[in-house]
$ cat upload-v8.cif   # mmCIF, C-alpha atoms and all ligand atoms
data_entry
#
loop_
_atom_site.group_PDB
_atom_site.id
_atom_site.type_symbol
_atom_site.label_atom_id
_atom_site.label_comp_id
_atom_site.auth_asym_id
_atom_site.auth_seq_id
_atom_site.Cartn_x
_atom_site.Cartn_y
_atom_site.Cartn_z
ATOM 1 C CA MET A 1 -42.761 -22.638 -45.658
ATOM 2 C CA VAL A 2 -42.527 -25.061 -48.550
ATOM 3 C CA SER A 3 -41.805 -23.773 -52.005
ATOM 4 C CA ASP A 4 -41.922 -25.666 -55.266
ATOM 5 C CA ASN A 5 -39.882 -22.979 -56.934
ATOM 6 C CA VAL A 6 -36.776 -24.670 -58.322
ATOM 7 C CA VAL A 7 -35.422 -21.618 -60.126
ATOM 8 C CA PRO A 8 -32.381 -20.500 -58.139
ATOM 9 C CA ASN A 9 -32.221 -16.978 -56.802
ATOM 10 C CA VAL A 10 -29.130 -14.786 -56.778
ATOM 11 C CA GLY A 11 -27.153 -15.587 -53.659
ATOM 12 C CA ASP A 12 -28.481 -19.114 -53.404
ATOM 13 C CA GLU A 13 -26.097 -22.014 -53.271
ATOM 14 C CA ILE A 14 -26.500 -25.200 -55.238
ATOM 15 C CA HIS A 15 -24.884 -28.189 -53.565
ATOM 16 C CA PHE A 16 -23.866 -31.217 -55.557
ATOM 17 C CA ALA A 17 -24.446 -34.762 -54.427
ATOM 18 C CA ASP A 18 -21.512 -35.920 -56.562
ATOM 19 C CA PRO A 19 -18.312 -35.282 -54.562
ATOM 20 C CA PHE A 20 -16.024 -35.960 -57.516
ATOM 21 C CA LYS A 21 -16.132 -32.558 -59.146
ATOM 22 C CA SER A 22 -12.904 -30.623 -59.615
ATOM 23 C CA CYS A 23 -12.379 -26.884 -60.100
ATOM 24 C CA ASN A 24 -10.626 -26.188 -63.398
ATOM 25 C CA ALA A 25 -8.741 -23.274 -61.823
ATOM 26 C CA CYS A 26 -7.268 -25.004 -58.778
ATOM 27 C CA THR A 27 -8.266 -28.709 -58.985
ATOM 28 C CA HIS A 28 -9.828 -28.523 -55.515
ATOM 29 C CA GLN A 29 -13.056 -30.385 -54.905
ATOM 30 C CA VAL A 30 -16.169 -28.428 -55.874
ATOM 31 C CA THR A 31 -19.116 -29.143 -53.597
ATOM 32 C CA GLY A 32 -21.458 -26.564 -55.086
ATOM 33 C CA VAL A 33 -21.818 -23.196 -56.754
ATOM 34 C CA THR A 34 -23.129 -19.819 -55.672
ATOM 35 C CA ILE A 35 -25.703 -18.237 -57.950
ATOM 36 C CA VAL A 36 -24.687 -14.827 -59.253
ATOM 37 C CA ASP A 37 -26.520 -12.486 -61.537
ATOM 38 C CA GLU A 38 -24.477 -13.117 -64.647
ATOM 39 C CA GLY A 39 -21.261 -14.723 -65.719
ATOM 40 C CA MET A 40 -19.673 -17.740 -64.113
ATOM 41 C CA TRP A 41 -21.010 -18.969 -60.817
ATOM 42 C CA PRO A 42 -18.282 -19.132 -58.125
ATOM 43 C CA ASN A 43 -17.345 -22.625 -57.062
ATOM 44 C CA ILE A 44 -17.778 -23.680 -53.430
ATOM 45 C CA PRO A 45 -15.577 -23.679 -51.419
ATOM 46 C CA CYS A 46 -12.660 -22.202 -53.408
ATOM 47 C CA GLY A 47 -14.651 -19.298 -54.858
ATOM 48 C CA HIS A 48 -13.141 -19.455 -58.333
ATOM 49 C CA PRO A 49 -15.574 -18.275 -61.012
ATOM 50 C CA ALA A 50 -14.349 -21.172 -63.107
ATOM 51 C CA SER A 51 -15.833 -24.199 -64.724
ATOM 52 C CA TYR A 52 -15.438 -27.589 -63.128
ATOM 53 C CA ARG A 53 -15.248 -31.091 -64.421
ATOM 54 C CA ASP A 54 -16.681 -34.413 -63.421
ATOM 55 C CA LEU A 55 -13.903 -36.749 -62.410
ATOM 56 C CA CYS A 56 -15.890 -39.891 -61.717
ATOM 57 C CA PRO A 57 -17.354 -41.534 -64.825
ATOM 58 C CA SER A 58 -19.430 -43.976 -62.815
ATOM 59 C CA TRP A 59 -20.866 -41.863 -60.022
ATOM 60 C CA GLY A 60 -24.536 -42.411 -59.242
ATOM 61 C CA PRO A 61 -26.787 -41.086 -56.489
ATOM 62 C CA VAL A 62 -27.414 -44.566 -55.086
ATOM 63 C CA ASP A 63 -24.066 -46.323 -55.277
ATOM 64 C CA GLY A 64 -21.731 -43.342 -55.415
ATOM 65 C CA CYS A 65 -18.402 -44.139 -57.047
ATOM 66 C CA SER A 66 -18.479 -47.615 -58.503
ATOM 67 C CA CYS A 67 -15.412 -47.258 -60.714
ATOM 68 C CA GLU A 68 -13.587 -50.112 -59.063
ATOM 69 C CA ARG A 69 -16.513 -52.446 -59.587
ATOM 70 C CA MET A 70 -17.346 -51.259 -63.121
ATOM 71 C CA LEU A 71 -13.900 -50.481 -64.490
ATOM 72 C CA GLY A 72 -11.608 -52.477 -62.246
ATOM 73 C CA TYR A 73 -9.766 -49.340 -61.196
ATOM 74 C CA VAL A 74 -10.508 -45.815 -60.015
ATOM 75 C CA PRO A 75 -9.387 -43.258 -62.637
ATOM 76 C CA HIS A 76 -9.577 -40.220 -60.363
ATOM 77 C CA PRO A 77 -8.348 -38.918 -56.997
ATOM 78 C CA SER A 78 -10.163 -39.763 -53.810
ATOM 79 C CA VAL A 79 -12.383 -37.196 -52.096
ATOM 80 C CA GLU A 80 -9.673 -36.803 -49.457
ATOM 81 C CA GLN A 81 -7.086 -36.004 -52.132
ATOM 82 C CA LEU A 82 -9.423 -33.502 -53.789
ATOM 83 C CA GLN A 83 -9.894 -31.710 -50.495
ATOM 84 C CA VAL A 84 -6.209 -31.024 -49.840
ATOM 85 C CA SER A 85 -5.319 -29.208 -53.076
ATOM 86 C CA PHE A 86 -6.755 -25.909 -51.889
ATOM 87 C CA PRO A 87 -4.653 -22.968 -53.154
HETATM 88 ZN ZN ZN B 101 -10.910 -23.304 -57.536
HETATM 89 ZN ZN ZN B 102 -15.301 -43.137 -59.496
#
$ encode --input "upload-v8.cif" --output "C-alpha cells"
Amino acid sequence: MVSDNVVPNVGDEIHFADPFKSCNACTHQVTGVTIVDEGMWPNIPCGHPASYRDLCPSWGPVDGCSCERMLGYVPHPSVEQLQVSFP
C-alpha cells in the first residue's frame, strides 16, 4: 500500500541520508531518530534523547562528503571513527 502521508507517526523511525551526524550526548554517529509523542526524539542507534549536530559542512545527497575537494581538508571524523565511539 502506498501512502503519501509524510507526517511521521509515533514509533516511526526517520533515517538520515547524511552519515556525518553526531550525538551531542555521546558523539556517536546518529543514523536516524525515533518519533516519540513529545520531547526529544531518541537518536538511532545510541538511544540518547539528545540533539545532534551536522559534522560535514559540504555533505550533499549526490556527492556525499566533498570537503576534501571543496575545502582541501576534511574537518570532521570519518564515518568509521564516528561508529566506534559508542558508550
Ligand atoms: Zn548518543
Ligand atoms: Zn565532509
$ residues_near_ligand --input "upload-v8.cif" --ligand "ligand ZN 101 (chain B)" --cutoff "10 Å" --atoms "all atoms listed in the file" --output "list in words"
Ser22, Cys23, Asn24, Ala25, Cys26, Thr27, His28, Gln29, Val30, Pro42, Asn43, Ile44, Pro45, Cys46, Gly47, His48, Pro49, Ala50, Ser51, Tyr52, Ser85, Phe86 and Pro87 of chain A
$ write_last_selection --input "upload-v8.cif" --atoms "C-alpha atoms" --output "short mmCIF file (atom, residue, chain, number, x, y, z; two decimals), keeping the file's coordinate frame"
data_model
loop_
_atom_site.label_atom_id
_atom_site.label_comp_id
_atom_site.auth_asym_id
_atom_site.auth_seq_id
_atom_site.Cartn_x
_atom_site.Cartn_y
_atom_site.Cartn_z
CA SER A 22 -12.90 -30.62 -59.62
CA CYS A 23 -12.38 -26.88 -60.10
CA ASN A 24 -10.63 -26.19 -63.40
CA ALA A 25 -8.74 -23.27 -61.82
CA CYS A 26 -7.27 -25.00 -58.78
CA THR A 27 -8.27 -28.71 -58.98
CA HIS A 28 -9.83 -28.52 -55.52
CA GLN A 29 -13.06 -30.38 -54.90
CA VAL A 30 -16.17 -28.43 -55.87
CA PRO A 42 -18.28 -19.13 -58.12
CA ASN A 43 -17.34 -22.62 -57.06
CA ILE A 44 -17.78 -23.68 -53.43
CA PRO A 45 -15.58 -23.68 -51.42
CA CYS A 46 -12.66 -22.20 -53.41
CA GLY A 47 -14.65 -19.30 -54.86
CA HIS A 48 -13.14 -19.45 -58.33
CA PRO A 49 -15.57 -18.27 -61.01
CA ALA A 50 -14.35 -21.17 -63.11
CA SER A 51 -15.83 -24.20 -64.72
CA TYR A 52 -15.44 -27.59 -63.13
CA SER A 85 -5.32 -29.21 -53.08
CA PHE A 86 -6.76 -25.91 -51.89
CA PRO A 87 -4.65 -22.97 -53.15
#
$ closest_atom_pairs --input "upload-v8.cif" --of "chain A" --to "ligand ZN 102 (chain B)" --cutoff "6 Å" --atoms "only C-alpha atoms and all ligand atoms" --output "JSON lines"
{"residue": "A:Cys56", "atom": "CA", "partner": "B:ZN102", "partner_atom": "ZN", "distance": 4.0}
{"residue": "A:Pro57", "atom": "CA", "partner": "B:ZN102", "partner_atom": "ZN", "distance": 5.9}
{"residue": "A:Ser58", "atom": "CA", "partner": "B:ZN102", "partner_atom": "ZN", "distance": 5.4}
{"residue": "A:Trp59", "atom": "CA", "partner": "B:ZN102", "partner_atom": "ZN", "distance": 5.7}
{"residue": "A:Cys65", "atom": "CA", "partner": "B:ZN102", "partner_atom": "ZN", "distance": 4.1}
{"residue": "A:Ser66", "atom": "CA", "partner": "B:ZN102", "partner_atom": "ZN", "distance": 5.6}
{"residue": "A:Cys67", "atom": "CA", "partner": "B:ZN102", "partner_atom": "ZN", "distance": 4.3}
{"residue": "A:Val74", "atom": "CA", "partner": "B:ZN102", "partner_atom": "ZN", "distance": 5.5}
$ write_last_selection --input "upload-v8.cif" --atoms "C-alpha atoms" --output "PDB file, keeping the file's coordinate frame"
ATOM      1  CA  CYS A  56     -15.890 -39.891 -61.717  1.00  0.00           C
ATOM      2  CA  PRO A  57     -17.354 -41.534 -64.825  1.00  0.00           C
ATOM      3  CA  SER A  58     -19.430 -43.976 -62.815  1.00  0.00           C
ATOM      4  CA  TRP A  59     -20.866 -41.863 -60.022  1.00  0.00           C
ATOM      5  CA  CYS A  65     -18.402 -44.139 -57.047  1.00  0.00           C
ATOM      6  CA  SER A  66     -18.479 -47.615 -58.503  1.00  0.00           C
ATOM      7  CA  CYS A  67     -15.412 -47.258 -60.714  1.00  0.00           C
ATOM      8  CA  VAL A  74     -10.508 -45.815 -60.015  1.00  0.00           C
TER       9      VAL A  74
END
$ closest_residue --input "upload-v8.cif" --among "A:Gly39, A:Asp18, A:Gln83, A:Val33" --to "Asp63 in chain A" --atoms "all atoms listed in the file"
A:Asp18
$ resolve_selection --input "upload-v8.cif" --expression "the PyMOL selection byres (((chain A and resi 38) around 12) and not hetatm)" --output "PyMOL selection string"
chain A and resi 9-11+34-37+39-42+49
$ atom_distance --input "upload-v8.cif" --atom1 "CA of Thr31 in chain A" --atom2 "CA of Glu13 in chain A"
10.0 Å
$ residues_around --input "upload-v8.cif" --residues "Pro77 in chain A" --least-positions-apart "5" --cutoff "9 Å" --atoms "only C-alpha atoms" --output "list of chain:residue names"
A:Phe20, A:Leu55, A:Cys56, A:Leu82
$ axis_aligned_box --input "upload-v8.cif" --around "range 68-85 of chain A" --padding-each-side "8 Å" --output "JSON"
{"center_x": -11.3, "center_y": -40.8, "center_z": -57.0, "size_x": 28.0, "size_y": 39.3, "size_z": 31.0}
$ closest_residue --input "upload-v8.cif" --among "A:Phe16, A:Gly32, A:Tyr73, A:Val79" --to "Pro61 in chain A" --atoms "only C-alpha atoms"
A:Phe16
$ atom_distance --input "upload-v8.cif" --atom1 "CA of His76 in chain A" --atom2 "CA of His15 in chain A"
20.6 Å
$ atom_distance --input "upload-v8.cif" --atom1 "CA of Gly72 in chain A" --atom2 "CA of Asp54 in chain A"
18.8 Å
